[in-house]
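Engineer: Sharing work11.pdb (PDB, N, CA and C atoms) below.
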```
ATOM      1  N   MET A   1     130.620  23.766  91.417
ATOM      2  CA  MET A   1     130.517  22.443  91.982
ATOM      3  C   MET A   1     130.367  22.553  93.487
ATOM      4  N   GLY A   2     129.498  21.737  94.046
ATOM      5  CA  GLY A   2     129.331  21.691  95.485
ATOM      6  C   GLY A   2     129.552  20.278  95.991
ATOM      7  N   ILE A   3     129.964  20.179  97.245
ATOM      8  CA  ILE A   3     130.106  18.888  97.905
ATOM      9  C   ILE A   3     129.111  18.880  99.056
ATOM     10  N   TYR A   4     128.248  17.874  99.085
ATOM     11  CA  TYR A   4     127.182  17.813 100.071
ATOM     12  C   TYR A   4     127.166  16.460 100.758
ATOM     13  N   ARG A   5     126.815  16.464 102.030
ATOM     14  CA  ARG A   5     126.712  15.236 102.813
ATOM     15  C   ARG A   5     125.296  15.125 103.348
ATOM     16  N   MET A   6     124.658  13.976 103.103
ATOM     17  CA  MET A   6     123.346  13.694 103.671
ATOM     18  C   MET A   6     123.559  12.656 104.771
ATOM     19  N   TYR A   7     123.058  12.936 105.957
ATOM     20  CA  TYR A   7     123.307  12.085 107.116
ATOM     21  C   TYR A   7     122.073  12.022 108.005
ATOM     22  N   THR A   8     122.058  11.063 108.915
ATOM     23  CA  THR A   8     120.965  10.917 109.871
ATOM     24  C   THR A   8     121.338  11.631 111.162
ATOM     25  N   GLY A   9     120.467  12.529 111.625
ATOM     26  CA  GLY A   9     120.682  13.237 112.884
ATOM     27  C   GLY A   9     120.262  12.387 114.070
ATOM     28  N   ASP A  10     120.508  12.883 115.260
ATOM     29  CA  ASP A  10     120.140  12.179 116.493
ATOM     30  C   ASP A  10     118.643  11.929 116.600
ATOM     31  N   ASP A  11     117.843  12.715 115.882
ATOM     32  CA  ASP A  11     116.383  12.566 115.917
ATOM     33  C   ASP A  11     115.863  11.568 114.880
ATOM     34  N   GLY A  12     116.768  10.898 114.143
ATOM     35  CA  GLY A  12     116.361   9.919 113.142
ATOM     36  C   GLY A  12     115.949  10.518 111.806
ATOM     37  N   GLN A  13     116.112  11.825 111.637
ATOM     38  CA  GLN A  13     115.757  12.506 110.391
ATOM     39  C   GLN A  13     117.012  12.738 109.550
ATOM     40  N   SER A  14     116.829  12.817 108.240
ATOM     41  CA  SER A  14     117.941  13.090 107.328
ATOM     42  C   SER A  14     118.180  14.588 107.219
ATOM     43  N   TYR A  15     119.447  14.947 107.118
ATOM     44  CA  TYR A  15     119.861  16.334 106.967
ATOM     45  C   TYR A  15     120.913  16.412 105.867
ATOM     46  N   ILE A  16     121.056  17.611 105.289
ATOM     47  CA  ILE A  16     122.067  17.848 104.258
ATOM     48  C   ILE A  16     122.940  19.006 104.711
ATOM     49  N   GLU A  17     124.253  18.810 104.612
ATOM     50  CA  GLU A  17     125.192  19.886 104.911
ATOM     51  C   GLU A  17     126.142  20.051 103.736
ATOM     52  N   SER A  18     126.605  21.265 103.558
ATOM     53  CA  SER A  18     127.593  21.572 102.523
ATOM     54  C   SER A  18     128.982  21.397 103.124
ATOM     55  N   LEU A  19     129.888  20.819 102.359
ATOM     56  CA  LEU A  19     131.266  20.613 102.810
ATOM     57  C   LEU A  19     132.226  21.364 101.891
ATOM     58  N   GLU A  20     133.301  21.857 102.470
ATOM     59  CA  GLU A  20     134.362  22.489 101.705
ATOM     60  C   GLU A  20     135.354  21.408 101.276
ATOM     61  N   PRO A  21     136.056  21.572 100.165
ATOM     62  CA  PRO A  21     137.007  20.555  99.702
ATOM     63  C   PRO A  21     138.081  20.183 100.731
ATOM     64  N   ASP A  22     138.409  21.091 101.647
ATOM     65  CA  ASP A  22     139.440  20.800 102.648
ATOM     66  C   ASP A  22     138.853  20.327 103.987
ATOM     67  N   ASP A  23     137.563  19.990 104.025
ATOM     68  CA  ASP A  23     136.932  19.529 105.268
ATOM     69  C   ASP A  23     137.583  18.229 105.721
ATOM     70  N   PRO A  24     137.994  18.124 106.980
ATOM     71  CA  PRO A  24     138.641  16.904 107.481
ATOM     72  C   PRO A  24     137.773  15.649 107.348
ATOM     73  N   LYS A  25     136.448  15.802 107.305
ATOM     74  CA  LYS A  25     135.550  14.646 107.141
ATOM     75  C   LYS A  25     135.830  13.909 105.837
ATOM     76  N   LEU A  26     136.342  14.612 104.849
ATOM     77  CA  LEU A  26     136.551  14.027 103.527
ATOM     78  C   LEU A  26     137.809  13.172 103.447
ATOM     79  N   GLU A  27     138.738  13.376 104.357
ATOM     80  CA  GLU A  27     140.029  12.681 104.289
ATOM     81  C   GLU A  27     139.878  11.166 104.278
ATOM     82  N   SER A  28     138.980  10.634 105.093
ATOM     83  CA  SER A  28     138.818   9.177 105.188
ATOM     84  C   SER A  28     137.842   8.620 104.150
ATOM     85  N   LEU A  29     137.341   9.455 103.273
ATOM     86  CA  LEU A  29     136.305   9.031 102.319
ATOM     87  C   LEU A  29     136.794   9.022 100.877
ATOM     88  N   LYS A  30     138.089   8.961 100.683
ATOM     89  CA  LYS A  30     138.644   9.058  99.338
ATOM     90  C   LYS A  30     138.695   7.735  98.592
ATOM     91  N   LYS A  31     138.559   6.619  99.309
ATOM     92  CA  LYS A  31     138.629   5.314  98.652
ATOM     93  C   LYS A  31     137.223   4.767  98.426
ATOM     94  N   VAL A  32     137.006   4.303  97.203
ATOM     95  CA  VAL A  32     135.721   3.696  96.843
ATOM     96  C   VAL A  32     135.974   2.288  96.324
ATOM     97  N   SER A  33     134.912   1.489  96.305
ATOM     98  CA  SER A  33     135.073   0.086  95.887
ATOM     99  C   SER A  33     134.562  -0.168  94.478
ATOM    100  N   GLY A  34     134.609   0.843  93.647
ATOM    101  CA  GLY A  34     134.141   0.693  92.276
ATOM    102  C   GLY A  34     133.130   1.776  91.960
ATOM    103  N   CYS A  35     132.451   1.600  90.848
ATOM    104  CA  CYS A  35     131.409   2.563  90.495
ATOM    105  C   CYS A  35     130.381   1.885  89.595
ATOM    106  N   SER A  36     129.193   2.445  89.584
ATOM    107  CA  SER A  36     128.156   1.949  88.691
ATOM    108  C   SER A  36     127.436   3.134  88.075
ATOM    109  N   LEU A  37     126.989   2.952  86.873
ATOM    110  CA  LEU A  37     126.274   3.967  86.109
ATOM    111  C   LEU A  37     124.790   3.671  86.196
ATOM    112  N   GLN A  38     123.982   4.696  86.461
ATOM    113  CA  GLN A  38     122.533   4.522  86.531
ATOM    114  C   GLN A  38     121.877   5.541  85.607
ATOM    115  N   ILE A  39     120.962   5.055  84.781
ATOM    116  CA  ILE A  39     120.188   5.921  83.903
ATOM    117  C   ILE A  39     118.751   5.900  84.407
ATOM    118  N   THR A  40     118.238   7.087  84.755
ATOM    119  CA  THR A  40     116.911   7.209  85.350
ATOM    120  C   THR A  40     116.030   8.055  84.443
ATOM    121  N   GLN A  41     114.819   7.597  84.244
ATOM    122  CA  GLN A  41     113.871   8.312  83.398
ATOM    123  C   GLN A  41     113.215   9.459  84.165
ATOM    124  N   ALA A  42     112.791  10.475  83.439
ATOM    125  CA  ALA A  42     112.073  11.599  84.051
ATOM    126  C   ALA A  42     110.817  11.083  84.739
ATOM    127  N   GLY A  43     110.537  11.623  85.907
ATOM    128  CA  GLY A  43     109.327  11.257  86.634
ATOM    129  C   GLY A  43     109.512  10.141  87.648
ATOM    130  N   GLU A  44     110.668   9.468  87.653
ATOM    131  CA  GLU A  44     110.871   8.403  88.641
ATOM    132  C   GLU A  44     110.916   9.017  90.031
ATOM    133  N   PHE A  45     110.322   8.304  90.998
ATOM    134  CA  PHE A  45     110.156   8.814  92.354
ATOM    135  C   PHE A  45     110.287   7.668  93.347
ATOM    136  N   SER A  46     110.948   7.922  94.469
ATOM    137  CA  SER A  46     111.019   6.960  95.565
ATOM    138  C   SER A  46     110.563   7.661  96.830
ATOM    139  N   ASP A  47     109.600   7.046  97.538
ATOM    140  CA  ASP A  47     109.115   7.621  98.786
ATOM    141  C   ASP A  47     110.208   7.509  99.847
ATOM    142  N   PHE A  48     109.938   7.945 101.055
ATOM    143  CA  PHE A  48     110.954   7.991 102.107
ATOM    144  C   PHE A  48     111.674   6.660 102.270
ATOM    145  N   HIS A  49     112.989   6.738 102.262
ATOM    146  CA  HIS A  49     113.850   5.560 102.410
ATOM    147  C   HIS A  49     115.240   6.020 102.829
ATOM    148  N   PRO A  50     115.935   5.224 103.645
ATOM    149  CA  PRO A  50     117.336   5.556 103.930
ATOM    150  C   PRO A  50     118.211   5.110 102.759
ATOM    151  N   ALA A  51     119.413   5.633 102.706
ATOM    152  CA  ALA A  51     120.361   5.220 101.665
ATOM    153  C   ALA A  51     120.723   3.749 101.887
ATOM    154  N   PRO A  52     120.911   2.985 100.812
ATOM    155  CA  PRO A  52     121.221   1.560 100.960
ATOM    156  C   PRO A  52     122.649   1.280 101.442
ATOM    157  N   GLN A  53     123.545   2.256 101.259
ATOM    158  CA  GLN A  53     124.939   2.093 101.675
ATOM    159  C   GLN A  53     125.613   3.453 101.642
ATOM    160  N   ARG A  54     126.753   3.562 102.328
ATOM    161  CA  ARG A  54     127.537   4.793 102.237
ATOM    162  C   ARG A  54     128.125   4.857 100.840
ATOM    163  N   ARG A  55     127.902   5.977 100.181
ATOM    164  CA  ARG A  55     128.403   6.103  98.812
ATOM    165  C   ARG A  55     128.453   7.551  98.386
ATOM    166  N   TRP A  56     129.316   7.777  97.434
ATOM    167  CA  TRP A  56     129.354   9.045  96.724
ATOM    168  C   TRP A  56     128.431   8.912  95.527
ATOM    169  N   LEU A  57     127.790   9.996  95.146
ATOM    170  CA  LEU A  57     126.956  10.008  93.951
ATOM    171  C   LEU A  57     127.180  11.336  93.250
ATOM    172  N   THR A  58     127.397  11.258  91.951
ATOM    173  CA  THR A  58     127.506  12.471  91.159
ATOM    174  C   THR A  58     126.641  12.315  89.906
ATOM    175  N   ILE A  59     126.182  13.418  89.391
ATOM    176  CA  ILE A  59     125.329  13.417  88.203
ATOM    177  C   ILE A  59     126.162  13.845  87.000
ATOM    178  N   LEU A  60     126.095  13.060  85.946
ATOM    179  CA  LEU A  60     126.751  13.437  84.699
ATOM    180  C   LEU A  60     125.861  14.377  83.898
ATOM    181  N   THR A  61     124.574  14.027  83.807
ATOM    182  CA  THR A  61     123.583  14.893  83.162
ATOM    183  C   THR A  61     122.272  14.743  83.904
ATOM    184  N   GLY A  62     121.491  15.800  83.959
ATOM    185  CA  GLY A  62     120.168  15.733  84.569
ATOM    186  C   GLY A  62     120.099  16.406  85.922
ATOM    187  N   GLN A  63     119.137  15.936  86.735
ATOM    188  CA  GLN A  63     118.868  16.561  88.029
ATOM    189  C   GLN A  63     118.211  15.552  88.956
ATOM    190  N   ILE A  64     118.518  15.648  90.242
ATOM    191  CA  ILE A  64     117.841  14.871  91.270
ATOM    192  C   ILE A  64     117.342  15.848  92.331
ATOM    193  N   ASP A  65     116.108  15.640  92.771
ATOM    194  CA  ASP A  65     115.532  16.439  93.846
ATOM    195  C   ASP A  65     115.412  15.550  95.073
ATOM    196  N   ILE A  66     115.954  16.010  96.194
ATOM    197  CA  ILE A  66     115.903  15.287  97.458
ATOM    198  C   ILE A  66     114.975  16.050  98.390
ATOM    199  N   GLN A  67     113.961  15.356  98.915
ATOM    200  CA  GLN A  67     113.062  15.975  99.882
ATOM    201  C   GLN A  67     113.327  15.369 101.255
ATOM    202  N   LEU A  68     113.495  16.232 102.255
ATOM    203  CA  LEU A  68     113.710  15.799 103.623
ATOM    204  C   LEU A  68     112.378  15.806 104.377
ATOM    205  N   ALA A  69     112.360  15.233 105.569
ATOM    206  CA  ALA A  69     111.127  15.127 106.353
ATOM    207  C   ALA A  69     110.526  16.486 106.705
ATOM    208  N   ASP A  70     111.358  17.536 106.781
ATOM    209  CA  ASP A  70     110.831  18.869 107.104
ATOM    210  C   ASP A  70     110.150  19.527 105.910
ATOM    211  N   GLY A  71     110.106  18.824 104.764
ATOM    212  CA  GLY A  71     109.450  19.334 103.566
ATOM    213  C   GLY A  71     110.382  20.072 102.616
ATOM    214  N   SER A  72     111.604  20.369 103.044
ATOM    215  CA  SER A  72     112.535  21.088 102.173
ATOM    216  C   SER A  72     112.973  20.194 101.018
ATOM    217  N   ILE A  73     113.142  20.818  99.859
ATOM    218  CA  ILE A  73     113.582  20.110  98.657
ATOM    219  C   ILE A  73     114.912  20.703  98.225
ATOM    220  N   HIS A  74     115.884  19.830  98.013
ATOM    221  CA  HIS A  74     117.222  20.231  97.599
ATOM    222  C   HIS A  74     117.473  19.640  96.216
ATOM    223  N   SER A  75     117.769  20.501  95.243
ATOM    224  CA  SER A  75     118.006  20.064  93.871
ATOM    225  C   SER A  75     119.503  20.043  93.581
ATOM    226  N   PHE A  76     119.942  18.969  92.915
ATOM    227  CA  PHE A  76     121.344  18.798  92.574
ATOM    228  C   PHE A  76     121.455  18.484  91.096
ATOM    229  N   GLY A  77     122.515  18.997  90.479
ATOM    230  CA  GLY A  77     122.735  18.765  89.063
ATOM    231  C   GLY A  77     124.151  18.309  88.788
ATOM    232  N   ALA A  78     124.511  18.400  87.529
ATOM    233  CA  ALA A  78     125.846  17.974  87.102
ATOM    234  C   ALA A  78     126.917  18.712  87.893
ATOM    235  N   GLU A  79     127.967  18.005  88.219
ATOM    236  CA  GLU A  79     129.138  18.490  88.923
ATOM    237  C   GLU A  79     128.955  18.596  90.428
ATOM    238  N   ASP A  80     127.752  18.353  90.965
ATOM    239  CA  ASP A  80     127.588  18.288  92.412
ATOM    240  C   ASP A  80     128.000  16.899  92.872
ATOM    241  N   LEU A  81     128.697  16.840  93.972
ATOM    242  CA  LEU A  81     129.138  15.576  94.542
ATOM    243  C   LEU A  81     128.442  15.412  95.881
ATOM    244  N   ARG A  82     127.765  14.268  96.059
ATOM    245  CA  ARG A  82     127.011  14.042  97.279
ATOM    246  C   ARG A  82     127.468  12.770  97.969
ATOM    247  N   LEU A  83     127.600  12.863  99.284
ATOM    248  CA  LEU A  83     127.924  11.717 100.122
ATOM    249  C   LEU A  83     126.639  11.286 100.824
ATOM    250  N   TRP A  84     126.204  10.071 100.556
ATOM    251  CA  TRP A  84     124.967   9.547 101.145
ATOM    252  C   TRP A  84     125.330   8.746 102.384
ATOM    253  N   GLU A  85     124.951   9.256 103.562
ATOM    254  CA  GLU A  85     125.229   8.575 104.814
ATOM    255  C   GLU A  85     123.991   8.477 105.712
ATOM    256  N   ASP A  86     122.830   8.732 105.194
ATOM    257  CA  ASP A  86     121.610   8.596 106.012
ATOM    258  C   ASP A  86     121.117   7.148 105.926
ATOM    259  N   LEU A  87     121.839   6.276 106.589
ATOM    260  CA  LEU A  87     121.600   4.829 106.483
ATOM    261  C   LEU A  87     120.512   4.323 107.428
ATOM    262  N   THR A  88     120.092   5.139 108.350
ATOM    263  CA  THR A  88     119.058   4.751 109.316
ATOM    264  C   THR A  88     118.005   5.853 109.374
ATOM    265  N   GLY A  89     116.961   5.603 110.131
ATOM    266  CA  GLY A  89     115.930   6.621 110.316
ATOM    267  C   GLY A  89     114.949   6.651 109.160
ATOM    268  N   LYS A  90     114.217   7.766 109.076
ATOM    269  CA  LYS A  90     113.158   7.921 108.066
ATOM    270  C   LYS A  90     113.712   8.000 106.645
ATOM    271  N   GLY A  91     114.869   8.605 106.499
ATOM    272  CA  GLY A  91     115.451   8.731 105.169
ATOM    273  C   GLY A  91     114.965   9.958 104.417
ATOM    274  N   HIS A  92     114.905   9.858 103.117
ATOM    275  CA  HIS A  92     114.609  10.974 102.222
ATOM    276  C   HIS A  92     113.783  10.470 101.043
ATOM    277  N   ARG A  93     113.173  11.400 100.332
ATOM    278  CA  ARG A  93     112.485  11.088  99.073
ATOM    279  C   ARG A  93     113.391  11.525  97.928
ATOM    280  N   THR A  94     113.315  10.800  96.812
ATOM    281  CA  THR A  94     114.052  11.209  95.620
ATOM    282  C   THR A  94     113.094  11.330  94.439
ATOM    283  N   ARG A  95     113.367  12.328  93.613
ATOM    284  CA  ARG A  95     112.572  12.549  92.404
ATOM    285  C   ARG A  95     113.524  12.986  91.300
ATOM    286  N   PHE A  96     113.288  12.451  90.116
ATOM    287  CA  PHE A  96     114.078  12.813  88.942
ATOM    288  C   PHE A  96     113.165  13.559  87.970
ATOM    289  N   PRO A  97     113.250  14.899  87.916
ATOM    290  CA  PRO A  97     112.350  15.668  87.053
ATOM    291  C   PRO A  97     112.681  15.570  85.566
ATOM    292  N   VAL A  98     113.908  15.170  85.248
ATOM    293  CA  VAL A  98     114.352  15.041  83.859
ATOM    294  C   VAL A  98     115.161  13.748  83.744
ATOM    295  N   PRO A  99     115.368  13.225  82.540
ATOM    296  CA  PRO A  99     116.245  12.057  82.411
ATOM    297  C   PRO A  99     117.613  12.369  83.027
ATOM    298  N   THR A 100     118.140  11.417  83.786
ATOM    299  CA  THR A 100     119.347  11.686  84.565
ATOM    300  C   THR A 100     120.305  10.504  84.494
ATOM    301  N   VAL A 101     121.596  10.809  84.365
ATOM    302  CA  VAL A 101     122.641   9.786  84.395
ATOM    303  C   VAL A 101     123.513  10.083  85.608
ATOM    304  N   THR A 102     123.627   9.096  86.505
ATOM    305  CA  THR A 102     124.419   9.262  87.716
ATOM    306  C   THR A 102     125.513   8.202  87.783
ATOM    307  N   VAL A 103     126.540   8.497  88.569
ATOM    308  CA  VAL A 103     127.586   7.542  88.884
ATOM    309  C   VAL A 103     127.591   7.384  90.398
ATOM    310  N   SER A 104     127.458   6.143  90.843
ATOM    311  CA  SER A 104     127.458   5.800  92.260
ATOM    312  C   SER A 104     128.767   5.100  92.608
ATOM    313  N   MET A 105     129.389   5.523  93.724
ATOM    314  CA  MET A 105     130.684   4.960  94.127
ATOM    315  C   MET A 105     130.651   4.619  95.621
ATOM    316  N   PRO A 106     130.479   3.328  95.969
ATOM    317  CA  PRO A 106     130.449   2.932  97.387
ATOM    318  C   PRO A 106     131.753   3.265  98.097
ATOM    319  N   VAL A 107     131.621   3.812  99.308
ATOM    320  CA  VAL A 107     132.777   4.185 100.126
ATOM    321  C   VAL A 107     133.333   2.948 100.806
ATOM    322  N   VAL A 108     134.653   2.809 100.799
ATOM    323  CA  VAL A 108     135.323   1.709 101.498
ATOM    324  C   VAL A 108     135.397   2.081 102.977
ATOM    325  N   ASP A 109     134.876   1.215 103.840
ATOM    326  CA  ASP A 109     134.929   1.484 105.295
ATOM    327  C   ASP A 109     136.254   1.066 105.876
TER     328      ASP A 109
END
```
Can you dump the structure from the file as structure tokens?
Structural biologist:
Amino acid sequence: MGIYRMYTGDDGQSYIESLEPDDPKLESLKKVSGCSLQITQAGEFSDFHPAPQRRWLTILTGQIDIQLADGSIHSFGAEDLRLWEDLTGKGHRTRFPVPTVTVSMPVVD
């Protein structure tokens, strides 16, 4: 299992960093305001967009591919936990290569 944070850098581009379970950044992010289940079909794609809100996202089954502006593609699967914080700037692309079930949990500010 990995914990990853996607955020907007000073240049307006999205970046992904890996976090350790004891990272101090995680301390204030433990409360969420609920959760929603999303079922996505294989082949669904979204062009560059920022995240709609700060949220945790985890995959129950399937895979999501995130493409950043530099062209790099980061693939995530079951048991990966991602914090979406790239709320401004160019954002990222998303692609679902296989049917995927995710759980989204908005972070309480």
Engineer: Which residues are near range 30-38 of chain A? Cut-off 6 Å, only C-alpha atoms, ignore same chain within fewer than 2 positions. Put them as a VMD selection string.
Structural biologist: chain A and resid 28 101 to 108
Engineer: Mind dumping the selected residues with N, CA and C atoms as a tab-separated table (two decimals), in the frame of the given file?
Structural biologist:
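Okay, this is what ended up in selection.tsv:
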```
chain	number	residue	atom	x	y	z
A	28	SER	N	138.98	10.63	105.09
A	28	SER	CA	138.82	9.18	105.19
A	28	SER	C	137.84	8.62	104.15
A	101	VAL	N	121.60	10.81	84.36
A	101	VAL	CA	122.64	9.79	84.40
A	101	VAL	C	123.51	10.08	85.61
A	102	THR	N	123.63	9.10	86.50
A	102	THR	CA	124.42	9.26	87.72
A	102	THR	C	125.51	8.20	87.78
A	103	VAL	N	126.54	8.50	88.57
A	103	VAL	CA	127.59	7.54	88.88
A	103	VAL	C	127.59	7.38	90.40
A	104	SER	N	127.46	6.14	90.84
A	104	SER	CA	127.46	5.80	92.26
A	104	SER	C	128.77	5.10	92.61
A	105	MET	N	129.39	5.52	93.72
A	105	MET	CA	130.68	4.96	94.13
A	105	MET	C	130.65	4.62	95.62
A	106	PRO	N	130.48	3.33	95.97
A	106	PRO	CA	130.45	2.93	97.39
A	106	PRO	C	131.75	3.26	98.10
A	107	VAL	N	131.62	3.81	99.31
A	107	VAL	CA	132.78	4.18	100.13
A	107	VAL	C	133.33	2.95	100.81
A	108	VAL	N	134.65	2.81	100.80
A	108	VAL	CA	135.32	1.71	101.50
A	108	VAL	C	135.40	2.08	102.98
```
Engineer: Could you expand the PyMOL selection byres ((chain A and resi 47) around 6.5) into the explicit residues it covers here, written as a list in words?
Structural biologist: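 Answer for the PyMOL selection byres ((chain A and resi 47) around 6.5): Phe45, Ser46, Phe48, His49, His92, Arg93 and Thr94 of chain A.
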Engineer: Just how far from CA of Leu19 in chain A is CA of Gly43 in chain A, in Å to one decimal?
Structural biologist: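 Going from CA of Gly43 in chain A over to CA of Leu19 in chain A, I get 28.8 Å.
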Engineer: Hey, what comes out of the PyMOL selection byres (((chain A and resi 13 and name CA) around 10) and name CA) on this file? Could you write it as a short mmCIF file (atom, residue, chain, number, x, y, z; two decimals) with N, CA and C atoms, keeping the file's coordinate frame?
Structural biologist:
```cif
data_model
loop_
_atom_site.label_atom_id
_atom_site.label_comp_id
_atom_site.auth_asym_id
_atom_site.auth_seq_id
_atom_site.Cartn_x
_atom_site.Cartn_y
_atom_site.Cartn_z
N TYR A 7 123.06 12.94 105.96
CA TYR A 7 123.31 12.08 107.12
C TYR A 7 122.07 12.02 108.00
N THR A 8 122.06 11.06 108.92
CA THR A 8 120.96 10.92 109.87
C THR A 8 121.34 11.63 111.16
N GLY A 9 120.47 12.53 111.62
CA GLY A 9 120.68 13.24 112.88
C GLY A 9 120.26 12.39 114.07
N ASP A 10 120.51 12.88 115.26
CA ASP A 10 120.14 12.18 116.49
C ASP A 10 118.64 11.93 116.60
N ASP A 11 117.84 12.72 115.88
CA ASP A 11 116.38 12.57 115.92
C ASP A 11 115.86 11.57 114.88
N GLY A 12 116.77 10.90 114.14
CA GLY A 12 116.36 9.92 113.14
C GLY A 12 115.95 10.52 111.81
N SER A 14 116.83 12.82 108.24
CA SER A 14 117.94 13.09 107.33
C SER A 14 118.18 14.59 107.22
N TYR A 15 119.45 14.95 107.12
CA TYR A 15 119.86 16.33 106.97
C TYR A 15 120.91 16.41 105.87
N PRO A 50 115.94 5.22 103.64
CA PRO A 50 117.34 5.56 103.93
C PRO A 50 118.21 5.11 102.76
N LEU A 68 113.50 16.23 102.26
CA LEU A 68 113.71 15.80 103.62
C LEU A 68 112.38 15.81 104.38
N ALA A 69 112.36 15.23 105.57
CA ALA A 69 111.13 15.13 106.35
C ALA A 69 110.53 16.49 106.70
N ASP A 70 111.36 17.54 106.78
CA ASP A 70 110.83 18.87 107.10
C ASP A 70 110.15 19.53 105.91
N ASP A 86 122.83 8.73 105.19
CA ASP A 86 121.61 8.60 106.01
C ASP A 86 121.12 7.15 105.93
N THR A 88 120.09 5.14 108.35
CA THR A 88 119.06 4.75 109.32
C THR A 88 118.00 5.85 109.37
N GLY A 89 116.96 5.60 110.13
CA GLY A 89 115.93 6.62 110.32
C GLY A 89 114.95 6.65 109.16
N LYS A 90 114.22 7.77 109.08
CA LYS A 90 113.16 7.92 108.07
C LYS A 90 113.71 8.00 106.64
N GLY A 91 114.87 8.60 106.50
CA GLY A 91 115.45 8.73 105.17
C GLY A 91 114.96 9.96 104.42
N HIS A 92 114.90 9.86 103.12
CA HIS A 92 114.61 10.97 102.22
C HIS A 92 113.78 10.47 101.04
#
```
Engineer: From the set A:Leu81, A:Val98, A:Gln41, A:Ser75, which residue has the shortest atom-to-atom contact distance to Thr58 in chain A, counting only C-alpha atoms?
Structural biologist: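 Of all the options, A:Leu81 lies closest to Thr58 in chain A.
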